[in-house]
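Dropping start.cif in here (mmCIF, C-alpha atoms):
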data_work
#
loop_
_atom_site.label_atom_id
_atom_site.label_comp_id
_atom_site.auth_asym_id
_atom_site.auth_seq_id
_atom_site.Cartn_x
_atom_site.Cartn_y
_atom_site.Cartn_z
CA MET O 5 52.09 125.35 -123.08
CA ASP O 6 49.03 123.40 -124.23
CA GLY O 7 46.04 124.31 -122.02
CA ARG O 8 45.57 120.66 -121.11
CA LEU O 9 48.61 120.69 -118.83
CA GLN O 10 49.60 123.03 -116.02
CA CYS O 11 52.74 122.72 -113.92
CA GLU O 12 53.66 124.65 -110.81
CA VAL O 13 57.29 124.53 -109.74
CA GLY O 14 58.01 124.93 -106.04
CA SER O 15 61.03 126.67 -104.57
CA VAL O 16 64.28 124.92 -103.65
CA ARG O 17 64.51 124.02 -99.95
CA THR O 18 67.67 122.53 -98.50
CA GLY O 19 67.28 118.89 -97.62
CA GLU O 20 63.97 118.50 -99.45
CA ALA O 21 63.04 117.36 -102.93
CA ARG O 22 61.74 120.26 -105.02
CA ALA O 23 58.01 119.87 -105.59
CA VAL O 24 56.37 120.22 -109.01
CA THR O 25 52.57 120.06 -109.09
CA VAL O 26 51.24 118.59 -112.33
CA ARG O 27 47.62 119.19 -113.35
CA GLY O 28 45.81 117.91 -116.41
CA GLU O 29 46.80 115.51 -119.19
CA VAL O 30 50.20 114.27 -120.33
CA ASP O 31 50.13 112.86 -123.87
CA LEU O 32 51.69 113.47 -127.29
CA ALA O 33 50.63 117.15 -127.21
CA THR O 34 51.89 118.01 -123.71
CA ALA O 35 54.74 115.59 -122.90
CA ALA O 36 57.41 117.96 -124.30
CA ASP O 37 56.17 120.75 -122.01
CA LEU O 38 56.40 118.49 -118.98
CA GLU O 39 59.91 117.45 -120.00
CA SER O 40 61.00 121.06 -120.37
CA VAL O 41 59.50 122.28 -117.05
CA VAL O 42 60.69 119.36 -114.94
CA GLY O 43 64.06 119.22 -116.74
CA SER O 44 64.67 122.87 -115.79
CA ALA O 45 63.51 122.24 -112.21
CA LEU O 46 65.99 119.35 -111.91
CA GLN O 47 68.89 121.61 -112.88
CA GLU O 48 68.47 123.56 -109.65
CA ALA O 49 67.38 120.80 -107.31
CA PRO O 50 70.29 119.28 -105.37
CA ASP O 51 67.84 117.05 -103.49
CA GLY O 52 65.88 115.95 -106.55
CA VAL O 53 62.36 116.65 -107.68
CA VAL O 54 59.08 115.12 -106.59
CA LEU O 55 56.05 115.36 -108.87
CA ASP O 56 52.71 115.75 -107.13
CA LEU O 57 50.31 113.94 -109.46
CA ALA O 58 47.07 114.19 -107.45
CA GLN O 59 45.50 116.30 -110.21
CA LEU O 60 46.91 114.36 -113.15
CA THR O 61 43.80 113.35 -115.11
CA PHE O 62 45.43 111.29 -117.88
CA ILE O 63 48.81 109.87 -118.85
CA ASP O 64 49.78 107.46 -121.63
CA SER O 65 53.05 106.04 -122.93
CA SER O 66 54.09 109.42 -124.41
CA GLY O 67 54.01 110.82 -120.88
CA LEU O 68 55.69 107.78 -119.41
CA ARG O 69 58.52 108.05 -121.91
CA VAL O 70 59.21 111.59 -120.65
CA LEU O 71 59.01 110.53 -117.00
CA VAL O 72 61.58 107.79 -117.60
CA ALA O 73 63.88 110.25 -119.45
CA LEU O 74 63.58 112.68 -116.51
CA ALA O 75 64.29 109.91 -114.01
CA LYS O 76 67.46 109.04 -115.95
CA ASP O 77 68.42 112.72 -115.99
CA ALA O 78 67.92 112.91 -112.20
CA GLU O 79 69.95 109.76 -111.71
CA SER O 80 72.82 111.18 -113.79
CA ARG O 81 72.82 114.18 -111.42
CA GLY O 82 73.00 111.91 -108.40
CA THR O 83 69.43 112.68 -107.36
CA ALA O 84 66.06 111.08 -108.02
CA LEU O 85 62.63 111.78 -109.49
CA GLY O 86 59.87 111.00 -107.03
CA LEU O 87 56.18 110.57 -107.75
CA ARG O 88 53.64 111.53 -105.08
CA ASN O 89 49.87 111.01 -104.93
CA LEU O 90 49.89 108.77 -107.97
CA PRO O 91 46.28 108.39 -109.22
CA ARG O 92 44.99 104.88 -109.85
CA HIS O 93 44.99 105.34 -113.65
CA ALA O 94 48.67 106.37 -113.66
CA GLN O 95 49.61 103.49 -111.39
CA ARG O 96 47.93 101.18 -113.87
CA VAL O 97 50.01 102.53 -116.79
CA LEU O 98 53.19 101.99 -114.74
CA GLU O 99 52.12 98.42 -113.95
CA LEU O 100 51.19 97.66 -117.57
CA THR O 101 54.63 98.74 -118.80
CA GLY O 102 56.66 97.47 -115.84
CA LEU O 103 58.36 100.86 -115.51
CA GLY O 104 57.47 101.54 -111.88
CA ASP O 105 61.00 100.71 -110.72
CA TRP O 106 62.33 103.91 -112.26
CA PHE O 107 60.62 106.07 -109.65
CA GLU O 108 60.44 106.61 -105.94
CA VAL O 109 56.69 106.38 -105.43
CA THR O 110 55.38 107.85 -102.17
CA MET X 6 20.60 100.59 -124.88
CA ASN X 7 17.84 100.44 -127.46
CA ALA X 8 18.19 97.53 -129.91
CA ASN X 9 17.63 99.83 -132.87
CA GLU X 10 20.17 102.36 -131.76
CA THR X 11 23.39 102.69 -133.74
CA THR X 12 26.35 101.79 -131.59
CA ARG X 13 29.12 102.35 -134.09
CA ALA X 14 30.67 105.75 -134.73
CA SER X 15 33.72 107.11 -136.55
CA CYS X 16 35.64 110.33 -136.69
CA ARG X 17 38.49 111.55 -138.88
CA LEU X 18 41.37 113.53 -137.47
CA GLY X 19 44.37 115.30 -138.97
CA PRO X 20 47.77 113.89 -138.02
CA THR X 21 48.52 116.51 -135.37
CA LEU X 22 49.84 116.42 -131.82
CA ALA X 23 46.30 117.19 -130.65
CA ALA X 24 44.81 114.11 -132.36
CA PRO X 25 45.17 111.69 -129.39
CA ALA X 26 43.28 114.05 -127.05
CA ALA X 27 40.59 114.68 -129.69
CA ALA X 28 40.22 110.92 -130.22
CA ARG X 29 39.90 110.29 -126.47
CA GLU X 30 37.17 112.91 -126.25
CA PHE X 31 35.37 111.36 -129.21
CA VAL X 32 35.30 107.78 -127.86
CA GLY X 33 34.53 109.01 -124.34
CA SER X 34 31.56 111.06 -125.49
CA ARG X 35 30.17 108.24 -127.67
CA LEU X 36 30.42 105.72 -124.83
CA ARG X 37 28.76 108.18 -122.44
CA GLY X 38 26.00 108.65 -125.01
CA TRP X 39 25.49 104.88 -125.12
CA GLY X 40 25.55 104.73 -121.32
CA ALA X 41 28.59 102.46 -121.38
CA ASP X 42 31.49 104.68 -120.30
CA ASP X 43 31.79 103.31 -116.77
CA ARG X 44 32.18 99.73 -118.03
CA PHE X 45 35.25 100.40 -120.20
CA PRO X 46 37.67 102.49 -118.12
CA ASP X 47 40.68 101.64 -120.33
CA VAL X 48 39.26 102.69 -123.68
CA GLU X 49 40.71 106.21 -123.57
CA LEU X 50 44.20 104.87 -122.84
CA LEU X 51 43.94 102.39 -125.73
CA THR X 52 42.64 105.09 -128.06
CA SER X 53 45.46 107.41 -127.08
CA GLU X 54 48.12 104.76 -127.71
CA LEU X 55 46.80 103.72 -131.12
CA VAL X 56 46.23 107.27 -132.37
CA THR X 57 49.66 108.35 -131.07
CA ASN X 58 51.27 105.55 -133.09
CA ALA X 59 49.32 106.57 -136.17
CA VAL X 60 50.36 110.23 -135.84
CA ARG X 61 54.00 109.41 -135.14
CA HIS X 62 54.57 106.77 -137.81
CA ALA X 63 52.05 107.43 -140.56
CA HIS X 64 51.20 110.56 -142.48
CA GLY X 65 47.76 111.74 -143.40
CA GLU X 66 44.35 111.43 -141.89
CA VAL X 67 43.57 109.06 -139.03
CA GLU X 68 40.14 107.46 -138.70
CA VAL X 69 38.93 106.28 -135.30
CA THR X 70 35.94 103.94 -135.00
CA ILE X 71 34.30 102.85 -131.76
CA ASP X 72 31.80 100.01 -131.87
CA LEU X 73 29.80 98.78 -128.91
CA ILE X 74 29.46 95.18 -130.12
CA ASP X 75 27.25 94.16 -127.22
CA ALA X 76 26.74 95.28 -123.61
CA ASP X 77 30.06 93.75 -122.56
CA HIS X 78 32.39 94.27 -125.52
CA ILE X 79 33.71 97.13 -127.57
CA ARG X 80 35.83 97.17 -130.66
CA LEU X 81 38.14 100.06 -131.40
CA GLU X 82 39.67 100.59 -134.85
CA VAL X 83 42.32 103.11 -135.84
CA ARG X 84 43.00 103.43 -139.56
CA ASP X 85 45.94 105.37 -140.96
CA ARG X 86 47.44 106.11 -144.36
CA SER X 87 50.51 103.93 -144.10
CA GLU X 88 50.94 100.28 -145.06
CA ARG X 89 53.96 99.97 -142.82
CA LEU X 90 53.15 97.70 -139.89
CA PRO X 91 54.27 98.55 -136.37
CA VAL X 92 57.04 96.48 -134.83
CA LEU X 93 56.40 95.08 -131.39
CA ARG X 94 59.82 95.29 -129.78
CA PRO X 95 60.72 93.51 -126.56
CA LEU X 96 59.72 95.69 -123.62
CA GLU X 97 63.25 95.89 -122.23
CA SER X 98 64.69 97.18 -125.53
CA ALA X 99 61.87 99.67 -126.09
CA ARG X 100 63.84 102.38 -124.34
CA ASP X 101 62.50 105.40 -126.13
CA GLY X 102 58.92 104.42 -126.28
CA GLY X 103 57.34 101.54 -128.14
CA TRP X 104 55.34 100.77 -124.99
CA GLY X 105 52.06 101.71 -126.60
CA LEU X 106 51.45 98.38 -128.31
CA HIS X 107 52.47 96.52 -125.16
CA ILE X 108 49.79 98.41 -123.28
CA VAL X 109 47.27 97.50 -126.00
CA GLY X 110 48.37 93.85 -125.91
CA ARG X 111 47.97 93.66 -122.15
CA ILE X 112 44.54 95.33 -121.97
CA ALA X 113 42.80 94.04 -125.08
CA GLN X 114 41.21 90.60 -125.23
CA ARG X 115 42.11 90.43 -128.90
CA TRP X 116 43.89 92.79 -131.24
CA GLY X 117 45.21 92.68 -134.76
CA LEU X 118 46.19 94.43 -137.95
CA ASP X 119 44.51 94.67 -141.34
CA GLN X 120 46.74 95.86 -144.15
CA HIS X 121 45.32 97.29 -147.37
CA THR X 122 46.76 99.25 -150.29
CA GLY X 123 47.90 102.59 -148.92
CA GLU X 124 46.50 102.08 -145.45
CA LYS X 125 46.23 99.84 -142.44
CA THR X 126 43.89 99.39 -139.53
CA ILE X 127 44.87 98.37 -136.03
CA TRP X 128 41.88 97.06 -134.13
CA CYS X 129 41.32 95.73 -130.64
CA GLU X 130 38.45 94.40 -128.59
CA ILE X 131 38.00 94.91 -124.89
CA ALA X 132 35.66 93.35 -122.39
CA ALA X 133 33.68 95.33 -119.83
CA VAL X 134 34.99 95.39 -116.29
CA THR X 135 32.89 93.34 -113.94
#
Go ahead and render the structure in this file as structure tokens.
Amino acid sequence: MDGRLQCEVGSVRTGEARAVTVRGEVDLATAADLESVVGSALQEAPDGVVLDLAQLTFIDSSGLRVLVALAKDAESRGTALGLRNLPRHAQRVLELTGLGDWFEVT
Amino acid sequence: MNANETTRASCRLGPTLAAPAAAREFVGSRLRGWGADDRFPDVELLTSELVTNAVRHAHGEVEVTIDLIDADHIRLEVRDRSERLPVLRPLESARDGGWGLHIVGRIAQRWGLDQHTGEKTIWCEIAAVT
């Protein structure tokens, strides 16, 4: 994994979305890593996955593309992809692209 | 900002996955050096989008130029080795990406394309936040 991105996958707890903490930057270099880590987490997450983005320092449309693909994956499994502690810069990218509806933002 | 100080800088990057991050660092450090980084919070996002497009769709070196035109405006140019112009697809049909230029179009005051033999430049100008 590119040193610019770190992900920490939480354990599965019944009745709760599985937490994944995302730190660093999601762009062309790191988006595939995020897709792989969160995609695997979704496979064993009957109550979905929530990404904690408090320490996300940068995201662009490469990252957003992966988030939308993961949200579709979650939807096809009958769950959802949630976003928590969305930083202002990430909220702005969602607003600019009109893609905010894909996610449960808390 | 000293009137005699150069406020235009370029860097050349190989067409690698790491190029967008390197370009963001370059423009960020130049703007910090010119004491202007806090007035243009979107410049790193714009840089990332334009360089990502260049790496994904063109082949060969990418040149990034940042120009502090005056205290309130910057111009960003990204030149690549492809004459092929990007297609701005409708947002709703841009399922697998293609959002980069929409982001540029929504942030930039003006943007455009210059096509030359064997290369093109996408440029945009942004105003300082008030």
Set up a box along x, y and z of the file covering all listed atoms of segment 75-91 of chain O, add 5 Å on every one of the six sides, and write the centre and edge lengths in Å to one decimal, as AutoDock Vina command-line options.
--center_x 59.6 --center_y 111.3 --center_z -110.5 --size_x 36.7 --size_y 15.8 --size_z 21.1
**Request:** Using the chain letters and residue numbers of this document, give as JSON, numbers by chain the residues selected by the PyMOL selection byres ((chain O) within 6 of (chain X)).
**Result:** {"O": [32, 33, 65, 69, 100]}
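Atom CA of Arg29 of chain X lies 23.6 Å from atom CA of Gly102 of chain O.
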**Request:** Determine the residue membership of the PyMOL selection byres ((chain X and resi 115) around 9) for the file above and supply it as a ChimeraX atom specification.
**Result:** /X:110,112-114,116-117,128-131
**Message:** Under the PyMOL selection byres ((chain O and resi 54-59) around 8), which residues of this model are included? Write them out as a PyMOL selection string.
**Reply:** chain O and resi 21-28+52-53+60-61+85-91
